[in-house]
Each structure stands twice: as structure tokens, then as C-alpha cells.
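Down below is the structure, laid out as C-alpha cells.
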Amino acid sequence: MIKVSEPFIDIHDAKRIYKSLLKGWVSSAGPDVHNFEKNCAKLVKKNFGISVANGSAALDVALKACNLKRGDEVIMSNFTIVSNMLSILRTKAKPVLVDCDPLEWNINLEDVEKKITKKTKVILAAHIYGFPIEIDKLKKICLRNKIILIEDAAEQLGQRYKGKVIGSFGDISTFSFYANKNITTGEGGMICTNSSQLAKSCSDIKNLCFGKKNRFNHYDMGWNYRMTNMQACLGLSQLKKLNFIIKEKRKIGSLYYKILKKNKDIYIQPPKNKYSKNIYWVVGIVIKKRINILKLIKWMKKQGIECREFFWPMHNQDFLKKLNIKIKGKFPVSSYISKHGLYLPAYVGLSDRKIKEICDKLSIFLNHNKL
């Protein structure tokens, strides 16, 4: 089976973790946690890094640190991972959804401005799949309206926008180190900021908000979202390979593009646009002809090729109906690409031969199937 994703783990990673184990550093108290935080902050040009248990935890902590109240509004994309929505709901704030761009699949900035009200306190902006948001424009919108910008860069560690590193734009930036990300700690996440106040708040929230005078008289509601030293060891080792990993994934994405751009039934993002290179965290495609995307994924699996459907749009999530949360508006772009999009295997070590095989199998299905 050609998997959709595989982490790039080598002997150097294993040795780094083994040394930590021999020293007994297994919990979050180990010295590598601080070193990993410092290195991640430096990478994205921020003063502070706060490690957490996973990318979703990073969003939870970041939003709680914003001191949102019931009725406050947080703008987010309708086309993203559900963690964005869940983190907003846990603060009791109101999520305000915006449709995505049809070509780059990121939040539509023109629609963002239309959705801003006096109640808008935060814009949660997730960079999706390959290309970054036009984040300088979004930052200006936030500054003009005195809105906090949380930059969810979980999918694009190492990406650059107009030469500046992604994750450096947000008042708070969040990252994920899940197994399918550019670098991995198995699970794990990071929060980065230049604000000492926000950094202190995030550090407390992810560590149960222990009391100052009496440690076990907790001054606020926090969580145990700590990262272990073993995870941090792996993260430090993985960081050394980040540039190599990105280079290899861009080669993979470029070959897919070279082959699939000729197919009139497929839209695939190009290797670059006017402000960035495609990082190809995943190689996403949208099928233009009317087919059942789940049928295609099932057929590809029978051929020994794993594919994955796109994010399901937030406004159509079943759990919102259970919570009696009604979403206003129409979202034609995210509705369309969610039904017609999937991503293909793309991981370091995937051979050119296998990429060509995947493209051939995809073409065979499209030539013989319609809805």
C-alpha cells in the first residue's frame, strides 16, 4: 500500500531519544523542552515559544489567552480542520465563518472585511495545504480594526511569504507536529508570540494555572497540555532536517503538477504563485468532472494507493446541529471543493515511479467513471 503520508524518521532521531531516556528525562521537566521551544521561536522570528501536547491544544491555549467573552466573535475559514471551530466554541465565543478562495483554498480576505463587526475580537487564520494566506494584507486588516491575529501555521512550518517566514505575522502563531506534518514529534504543538504577557498566560494555561503562593490553589482554569522531553528530543532532531524535507516535498509536488496539469478533469495547484512557493504539505487536487469522490478513493485503495478527502466544510458539520448552532450564509467554494477534492500520497522517499503509477491509476478511473 502506498500510504498518503509517512513521517521521515531516521536513526539520528532514534539515537537522540535514546540518549534522553538513558538520562531519565521523560517528562515535561526535561531540558530539551526549553531548547525546542527556543529553536522554534527563533525559526519563526518570535521571542517566545510555548510547547504543548498537540496542535489542537495550541489553538485552545491561544484562544483562552485572548480572554474572550460570551458573544465575542472570532472569524475563521469555513474550509479548515475542525480544531479551529472546536477551540472557539470552548471559549464560548461565536465563530463567524468565511468562504475560501477557489484556487488557493485559503480564507477569502474580501469576505473577511465584510464579516468584521464591533464584536470581532480575533481572526483565526489557518494556512491551508500548500500556499500561505496573503498574510500581510490580513495583518493590516487586523491592525486597522484592533483585532488579534492568530496565525495557524500547523501545515506550513518552514514556508515563506514574500521572503518572510510563515508564523512570524500573527500576534500568536500556532503549529502542529503531528505525524503527517513537515516535522513530527508524534503528537505535539507550539505557540509562538512576541508578547511576554501572552507567553506567560499561555505557559500558565497549558500547565494547570498553578497558584503563586499556594501551588495547588489554581488561579484559573487551565489544562495539562505539556509536551514531554522525549517529544522535544525528536523535535530538535527533526528541525535539522526541515529544509531537506521541504525541498523533497516540493520535488514531489512539482512532478505531480507536471503530469496532472495536462489532465483537463483535474485542477492541481502550481509550484509557485506571485508571492510564495507551494510547500506541498499535501498534494491536493480538485476533480472537475462529476464523480463520486469517495468512490474514487475506495477504488484507488483497491489499487494499493491511499488517498484522503479534503476537509469537510464547517457549516455542514453534524456536531453543530447537535449543539443547535446555526451558521448563517452560503459557502459555495468550500462546499464544492470539499465534495470534489482529495489529496494524494506525498512523503519523503516516494519515488518518481510510484508518483507516475498514482497518476496513471487516477487517469484510468477518470476516463471510465462518471457520477
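Ordered as shown in the C-alpha cells, chains take letters A, B, and onward, while each chain numbers its residues from 1 and ligands are numbered from 1 in the order shown.
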- Neighbours of segment 157-167 of chain A within 7 Å (only C-alpha atoms; same-chain residues fewer than 6 positions away dropped), as a ChimeraX atom specification? /A:44,132,151,173,182,275-276,279
Any chance you could export the current selection's N, CA and C atoms as a short mmCIF file (atom, residue, chain, number, x, y, z; two decimals), in the first residue's frame?
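Okay, again.cif is ready:
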data_model
loop_
_atom_site.label_atom_id
_atom_site.label_comp_id
_atom_site.auth_asym_id
_atom_site.auth_seq_id
_atom_site.Cartn_x
_atom_site.Cartn_y
_atom_site.Cartn_z
N VAL A 44 10.78 31.10 13.60
CA VAL A 44 9.68 31.93 13.08
C VAL A 44 9.78 33.38 13.56
N PRO A 132 0.42 29.89 1.38
CA PRO A 132 0.01 30.69 2.54
C PRO A 132 -1.05 31.72 2.17
N GLU A 151 -2.34 33.18 13.94
CA GLU A 151 -1.88 32.59 12.68
C GLU A 151 -1.67 31.09 12.90
N SER A 173 1.07 32.70 17.04
CA SER A 173 1.15 31.73 15.96
C SER A 173 1.16 30.32 16.55
N ASN A 182 5.33 18.52 8.46
CA ASN A 182 6.67 18.59 7.86
C ASN A 182 7.74 18.05 8.81
N TYR A 275 3.62 35.28 -4.78
CA TYR A 275 4.21 35.67 -3.51
C TYR A 275 4.85 34.53 -2.71
N SER A 276 4.76 33.30 -3.22
CA SER A 276 5.35 32.19 -2.46
C SER A 276 5.54 30.96 -3.34
N ILE A 279 4.42 24.78 -0.70
CA ILE A 279 5.19 23.92 0.20
C ILE A 279 4.77 22.46 0.07
#
Report as an mmCIF file with N, CA and C atoms, in the first residue's frame: the residues of segment 29-150 of chain A with a DSSP assignment of strand (DSSP E), based on the backbone of this structure.
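As written to disk, result_39.cif reads:
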data_model
loop_
_atom_site.group_PDB
_atom_site.id
_atom_site.type_symbol
_atom_site.label_atom_id
_atom_site.label_comp_id
_atom_site.auth_asym_id
_atom_site.auth_seq_id
_atom_site.Cartn_x
_atom_site.Cartn_y
_atom_site.Cartn_z
ATOM 1 N N PHE A 48 9.174 34.228 21.996
ATOM 2 C CA PHE A 48 8.795 33.183 22.938
ATOM 3 C C PHE A 48 8.166 31.993 22.223
ATOM 4 N N GLY A 49 8.501 30.797 22.708
ATOM 5 C CA GLY A 49 7.866 29.568 22.245
ATOM 6 C C GLY A 49 7.334 28.804 23.442
ATOM 7 N N ILE A 50 6.106 28.318 23.330
ATOM 8 C CA ILE A 50 5.460 27.559 24.403
ATOM 9 C C ILE A 50 5.020 26.224 23.818
ATOM 10 N N SER A 51 5.653 25.150 24.244
ATOM 11 C CA SER A 51 5.326 23.827 23.717
ATOM 12 C C SER A 51 4.061 23.294 24.360
ATOM 13 N N VAL A 52 3.312 22.508 23.589
ATOM 14 C CA VAL A 52 2.063 21.914 24.075
ATOM 15 C C VAL A 52 1.930 20.490 23.531
ATOM 16 N N GLU A 73 -16.812 37.680 18.887
ATOM 17 C CA GLU A 73 -16.787 36.965 17.612
ATOM 18 C C GLU A 73 -15.352 36.661 17.167
ATOM 19 N N VAL A 74 -15.184 35.474 16.613
ATOM 20 C CA VAL A 74 -13.900 35.054 16.050
ATOM 21 C C VAL A 74 -14.138 34.642 14.604
ATOM 22 N N ILE A 75 -13.474 35.301 13.688
ATOM 23 C CA ILE A 75 -13.602 34.993 12.266
ATOM 24 C C ILE A 75 -12.627 33.873 11.904
ATOM 25 N N MET A 76 -13.125 32.902 11.148
ATOM 26 C CA MET A 76 -12.288 31.791 10.697
ATOM 27 C C MET A 76 -12.775 31.312 9.338
ATOM 28 N N SER A 77 -11.971 30.483 8.684
ATOM 29 C CA SER A 77 -12.346 29.934 7.388
ATOM 30 C C SER A 77 -13.356 28.809 7.546
ATOM 31 N N LYS A 94 -18.306 33.311 19.615
ATOM 32 C CA LYS A 94 -19.108 32.947 18.449
ATOM 33 C C LYS A 94 -18.222 32.838 17.211
ATOM 34 N N PRO A 95 -18.193 31.669 16.558
ATOM 35 C CA PRO A 95 -17.441 31.550 15.313
ATOM 36 C C PRO A 95 -18.182 32.215 14.158
ATOM 37 N N VAL A 96 -17.472 32.985 13.370
ATOM 38 C CA VAL A 96 -18.035 33.632 12.183
ATOM 39 C C VAL A 96 -17.270 33.086 10.978
ATOM 40 N N LEU A 97 -17.979 32.406 10.096
ATOM 41 C CA LEU A 97 -17.330 31.674 9.007
ATOM 42 C C LEU A 97 -17.227 32.491 7.729
ATOM 43 N N VAL A 98 -16.111 32.280 7.027
ATOM 44 C CA VAL A 98 -15.835 32.954 5.759
ATOM 45 C C VAL A 98 -15.456 31.888 4.732
ATOM 46 N N THR A 120 -16.070 41.662 16.777
ATOM 47 C CA THR A 120 -14.952 40.846 16.301
ATOM 48 C C THR A 120 -13.708 41.126 17.142
ATOM 49 N N LYS A 121 -13.213 40.095 17.807
ATOM 50 C CA LYS A 121 -12.045 40.243 18.680
ATOM 51 C C LYS A 121 -10.802 39.538 18.123
ATOM 52 N N VAL A 122 -11.031 38.461 17.371
ATOM 53 C CA VAL A 122 -9.920 37.644 16.882
ATOM 54 C C VAL A 122 -10.216 37.191 15.461
ATOM 55 N N ILE A 123 -9.175 37.131 14.631
ATOM 56 C CA ILE A 123 -9.253 36.413 13.357
ATOM 57 C C ILE A 123 -8.297 35.234 13.470
ATOM 58 N N LEU A 124 -8.854 34.047 13.338
ATOM 59 C CA LEU A 124 -8.077 32.804 13.386
ATOM 60 C C LEU A 124 -7.831 32.365 11.947
ATOM 61 N N ALA A 125 -6.610 32.547 11.485
ATOM 62 C CA ALA A 125 -6.280 32.363 10.069
ATOM 63 C C ALA A 125 -5.382 31.155 9.885
ATOM 64 N N ALA A 126 -5.935 30.089 9.311
ATOM 65 C CA ALA A 126 -5.170 28.863 9.069
ATOM 66 C C ALA A 126 -4.677 28.839 7.631
ATOM 67 N N ILE A 148 -7.066 40.864 17.242
ATOM 68 C CA ILE A 148 -5.945 39.944 17.462
ATOM 69 C C ILE A 148 -5.868 38.961 16.290
ATOM 70 N N LEU A 149 -4.664 38.756 15.774
ATOM 71 C CA LEU A 149 -4.451 37.800 14.694
ATOM 72 C C LEU A 149 -3.772 36.548 15.248
ATOM 73 N N ILE A 150 -4.497 35.426 15.182
ATOM 74 C CA ILE A 150 -3.901 34.121 15.493
ATOM 75 C C ILE A 150 -3.599 33.436 14.169
#
- Query: Any idea what's packed within 6 Å of Pro271 of chain A, counting only C-alpha atoms, ignoring anything in its chain fewer than 6 positions away? Could you give it as a list in words?
  - Reply: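 Using only C-alpha atoms, the neighbours found are Ser254, Lys277 and Asn278 of chain A.
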- Query: Rounded to one decimal in Å, what is the spacing between atom CA of Ser335 of chain A and atom CA of Pro313 of chain A?
  - Reply: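 Those two atoms sit 6.3 Å apart.
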- Message: Just want the 7 Å neighbourhood of segment 59-63 of chain A, counted on only C-alpha atoms, with same-chain residues fewer than 4 positions away dropped. Output as a list in words.
- Response: Gly55, Asn84, Ser87, Ile88, Ile172, Thr174, Cys202, Ile205 and Lys206 of chain A
- Nearest-residue call for Ala57 of chain A, choices A:Ser83, A:Ser334, A:Gln303, A:Asn263, using only C-alpha atoms: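 So, comparing all the options, the nearest one is A:Ser83.
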